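Enquirer: Next up is a structure, given as structure tokens.
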Amino acid sequence: MKKVYFDSAATTELRSEVVRCITEVLKTEYGNPSSTHSYGRSAKSLLENARKEIAGYLNVSAAEIIFTSGGTEADNLILNSCVRDLGVERIISSKIEHHAVLYTLNELKNEYGTQIEYVKLDECGHVDFEHLESLLENSDQKTLVSLMHVNNEIGNILDIERTANLCKKNNTLFHSDTVQSVGHYELDFSEIPIDFAAVAAHKFHGPKGAGFAFIRKNTGLKPLIFGGEQERGMRAGTESVYAIAGMAEALKISYQNLEKERKYIVELKNYFKEKLTKEIPGVKFNGACDDDDKSTYTLLNVCLPISEEKAMMLLFQMDLNGIACSKGSACQSGSGKGSHVLTEILSEDDMKKPSIRFSFSSFNKKDEVDYVIDVLKEFIDK
């Protein structure tokens with residue numbers, strides 16, 4: 001049976017160079033970076049070099065990078081501290097954010113009485129900027145805007161620069177979950193007036209359990225996890241030196257190969273779209289997946305012309321044929337619930353049909369696309 005991995009939005013295959021880097025660090029840099037002896041100093045040096053290298057890709061200072069266990073922790077750190085420590089009374093977000101944001105907002109509302117408002121979206125899931133501007137202009141409460149850069153289910157791209165400038169104009173803090181974009185898009189935070197961002201290494205061929213929060217200097221955020229004075233007092237706990245080194249290596253290779261790999265994946269995605277449209281009449285693309293300027297090149301969310309009864313077996317059939325893909329995001333695909341993102345943007349009729357997210361990397365090939373189309377076509381035609 002052929003094995004095909006089209007679920008890189010959930011997690012990516014580690015690059016061989018990253019595996020070698022992690023293995024070498026595990027063998028040679030086992031000192032605690034908080035220790036003052038030579039083993040600790042060596043590990044600390046590696047840690048700080050990784051921090052400096054990562055900061056360079058975003059064009060920020062190394063002091064603005066705080067290592068975390070991943071994007072979820074970074075989102076939680078930022079959102080909780082904004083309310084608890086910075087006096088944010090009101091948060092503007094959207095109903096199609098990652099659950100790391102949405103569930104945190106619910107907790108903040110329950111615990112602190114934080115006012116949560118949701119910006120309107122158009123039929124494709126894009127932010128209504130006129131509505132966002134009216135929300136920002138018509139309040140004197142201390143406000144934070146939290147909107148993700150690239151949606152993890154439908155791939156829509158937020159105009160992050162426009163959003164950041166609008167927030168700055170209205171004296172509002174801005175946080176973005178950039179988990180699906182860092183390593184795939186160049187972001188210059190010296191030019192984009194963003195205050196906070198969350199990043200996860202395993203979305204750009206790095207290890208799981210490593211990520212970071214970008215926290216603009218002098219914002220006044222305080223830690224979520226207490227204990228030691230690691231991460232300049234912002235995140236207690238001994239750092240995972242090997243994972244952080246692997247993350248830095250993965251980010252370096254991603255940006256070194258960005259244009260070449262982007263071109264390759266764009267061609268692969270377009271080939272997939274063309275084959276689906278030709279071979280499966282009635283197929284639809286959710287969100288802005290058919291607009292290359294408004295949707296990420298790494299993802300395709302497809303609504304298939306299948307009955308509700310047959311839809312229940314679709315992912316099972318795909319898995320039986322060795323194909324990895326997702327119904328919605330991987331964080332919820334095992335829950336049996338429908339996608340909260342698709343619920344917001346699809347018609348009632350389209351919600352009755354199955355939607356699948358295919359997400360790509362440079363490890364994928366065109367013959368894998370052909371195989372997936374054949375499996376889908378056979379299942380639909382039965």
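Chains: A, B, ... in order of the structure tokens. Residues: from 1 per chain. Ligands: from 1, in order shown.
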Taking a cut-off of 12 Å and counting only C-alpha atoms, can you build a table that, for each residue of stretch 79-197 of chain A near stretch 341-345 of chain A, reports the nearest atom pair and how far apart they are in Å (one decimal), sorted by chain then residue number, as CSV?
Expert:
```
residue,atom,partner,partner_atom,distance
A:Ser94,CA,A:Val341,CA,9.8
A:Lys95,CA,A:Val341,CA,7.2
A:Ile96,CA,A:Val341,CA,4.7
A:Glu97,CA,A:Val341,CA,7.7
A:His98,CA,A:Val341,CA,8.9
A:His99,CA,A:Val341,CA,10.3
A:Leu102,CA,A:Val341,CA,11.4
A:Tyr118,CA,A:Glu344,CA,11.9
A:Lys120,CA,A:Glu344,CA,10.2
A:Leu121,CA,A:Ile345,CA,8.1
A:Asp122,CA,A:Ile345,CA,7.8
A:Glu123,CA,A:Ile345,CA,5.7
A:Cys124,CA,A:Ile345,CA,6.3
A:Gly125,CA,A:Ile345,CA,6.0
A:His126,CA,A:Ile345,CA,9.6
A:Val127,CA,A:Ile345,CA,11.8
A:Asn151,CA,A:Val341,CA,9.1
A:Asn152,CA,A:Val341,CA,9.4
A:Glu153,CA,A:Val341,CA,7.1
A:Ile154,CA,A:Val341,CA,7.9
A:Gly155,CA,A:Val341,CA,10.9
A:Asn156,CA,A:Val341,CA,11.1
```
Enquirer: So which residues of stretch 27-216 of chain A fall under strand (DSSP E or B) by DSSP, listed as a ChimeraX atom specification?
Expert: /A:65-68,90-93,115-118,121,127,143-146,150,156-157,173-177,182,185,196-200,211-215
Enquirer: Quick one: distance from atom CA of A:Lys222 to atom CA of A:Leu77 in Å, one decimal?
Expert: 8.3 Å
Enquirer: Give one line per residue of stretch 142-218 of chain A that approaches stretch 251-261 of chain A to at most 7 Å, naming the two atoms of the closest pair and their distance in Å to one decimal, counting only C-alpha atoms; sort by chain then ascending residue number and deliver it as a Markdown table.
Expert:
```
| residue | atom | partner | partner_atom | distance |
| --- | --- | --- | --- | --- |
| A:Gly183 | CA | A:Ser254 | CA | 5.6 |
| A:His184 | CA | A:Leu258 | CA | 6.8 |
| A:Phe204 | CA | A:Leu251 | CA | 6.8 |
```
Enquirer: Which residue, A:Gln230, A:Asn49, A:Ser181, A:Asn80, has the smallest gap to A:Ser35 when you use only C-alpha atoms?
Expert: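 Among the listed residues, the smallest separation from A:Ser35 belongs to A:Gln230.
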Enquirer: Please return, as a ChimeraX atom specification, all residues of stretch 161-281 of chain A that DSSP assigns to helix (DSSP H, G or I) on the basis of the backbone.
Expert: /A:161-169,201-203,231-233,241-256,258-279
Enquirer: For a quick check of understanding, using only C-alpha atoms, which of A:Leu86, A:Leu108, A:Met148, A:Val241 has the smallest distance to A:Asn32?
Expert: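 Nearest candidate to A:Asn32 out of A:Leu86, A:Leu108, A:Met148, A:Val241: A:Val241.
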Enquirer: Which polymer residues have any atom within 9 Å of an atom of A:Gly40, counting only C-alpha atoms, with same-chain residues fewer than 5 positions away left out, as a PyMOL selection string?
Expert: chain A and resi 29-35+45
Enquirer: When distances are computed from only C-alpha atoms, which of A:His149, A:Lys353, A:Lys310, A:Lys168 shows the smallest separation from A:Glu137?
Expert: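 Of all the options, A:Lys168 lies closest to A:Glu137.
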Enquirer: Using only C-alpha atoms, which residues sit within 7 Å of stretch 263-270 of chain A once same-chain residues fewer than 2 positions away are excluded, as a PyMOL selection string?
Expert: chain A and resi 259-261+272-274+297-298+360-362+366
Enquirer: Go ahead and save the residues from that selection, with C-alpha atoms, as a JSON list (two decimals), in the first residue's frame.
Expert:
```json
[["chain", "number", "residue", "atom", "x", "y", "z"],
["A", 259, "GLU", "CA", 11.58, 30.64, -2.61],
["A", 260, "LYS", "CA", 12.56, 27.33, -4.17],
["A", 261, "GLU", "CA", 10.26, 25.30, -1.92],
["A", 272, "PHE", "CA", -4.04, 19.14, -7.10],
["A", 273, "LYS", "CA", -6.75, 21.77, -7.70],
["A", 274, "GLU", "CA", -6.77, 21.16, -11.45],
["A", 297, "TYR", "CA", 0.25, 27.91, -0.70],
["A", 298, "THR", "CA", 0.62, 25.08, 1.83],
["A", 360, "PHE", "CA", 1.62, 20.07, 1.66],
["A", 361, "SER", "CA", 5.37, 20.28, 2.02],
["A", 362, "SER", "CA", 8.37, 20.01, -0.27],
["A", 366, "LYS", "CA", 2.82, 14.78, -8.02]]
```
Enquirer: Find the spatial neighbours of A:Ile66, counting only C-alpha atoms, within a cut-off of 10 Å - ignore same-chain residues fewer than 2 positions away - and output them as a list in words.
Expert: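 What passes the distance filter is Arg51, Ala62, Ala63, Glu64, Thr68, Ala74, Ala198, Gly211, Phe212, Ala213, Phe214, Ile215, Gln230, Glu231, Arg232, Gly233, Met234 and Arg235 of chain A.
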Enquirer: Set the distance at 9 Å and use only C-alpha atoms: which residues neighbour A:Val119 once local chain neighbours fewer than 3 positions away are removed? I'd like the list as a list of chain:residue names.
Expert: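 Non-adjacent residues within range: A:Ile92, A:Ser93, A:Ser94, A:Lys95, A:Val127, A:Asp128, A:Phe129, A:His131, A:Leu132, A:Leu135.
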Enquirer: Skipping near chain neighbours, those fewer than 2 positions away, what residues fall within 12 Å of A:Asp350 using only C-alpha atoms, listed as a ChimeraX atom specification?
Expert: /A:282-286,302-308,342-348,352-355
Enquirer: Identify which of the residues A:Thr104, A:Thr277, A:Asn364, A:Ser42 lies closest to A:Val25, counting only C-alpha atoms when measuring atom-to-atom distances.
Expert: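 Of A:Thr104, A:Thr277, A:Asn364, A:Ser42, the one nearest A:Val25 is A:Ser42, counting only C-alpha atoms.
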Enquirer: Point out the residue among A:Ile244, A:Asn301, A:Ile78, A:Gly206 with the least atom-to-atom distance to A:Leu173, counting only C-alpha atoms.
Expert: A:Ile78
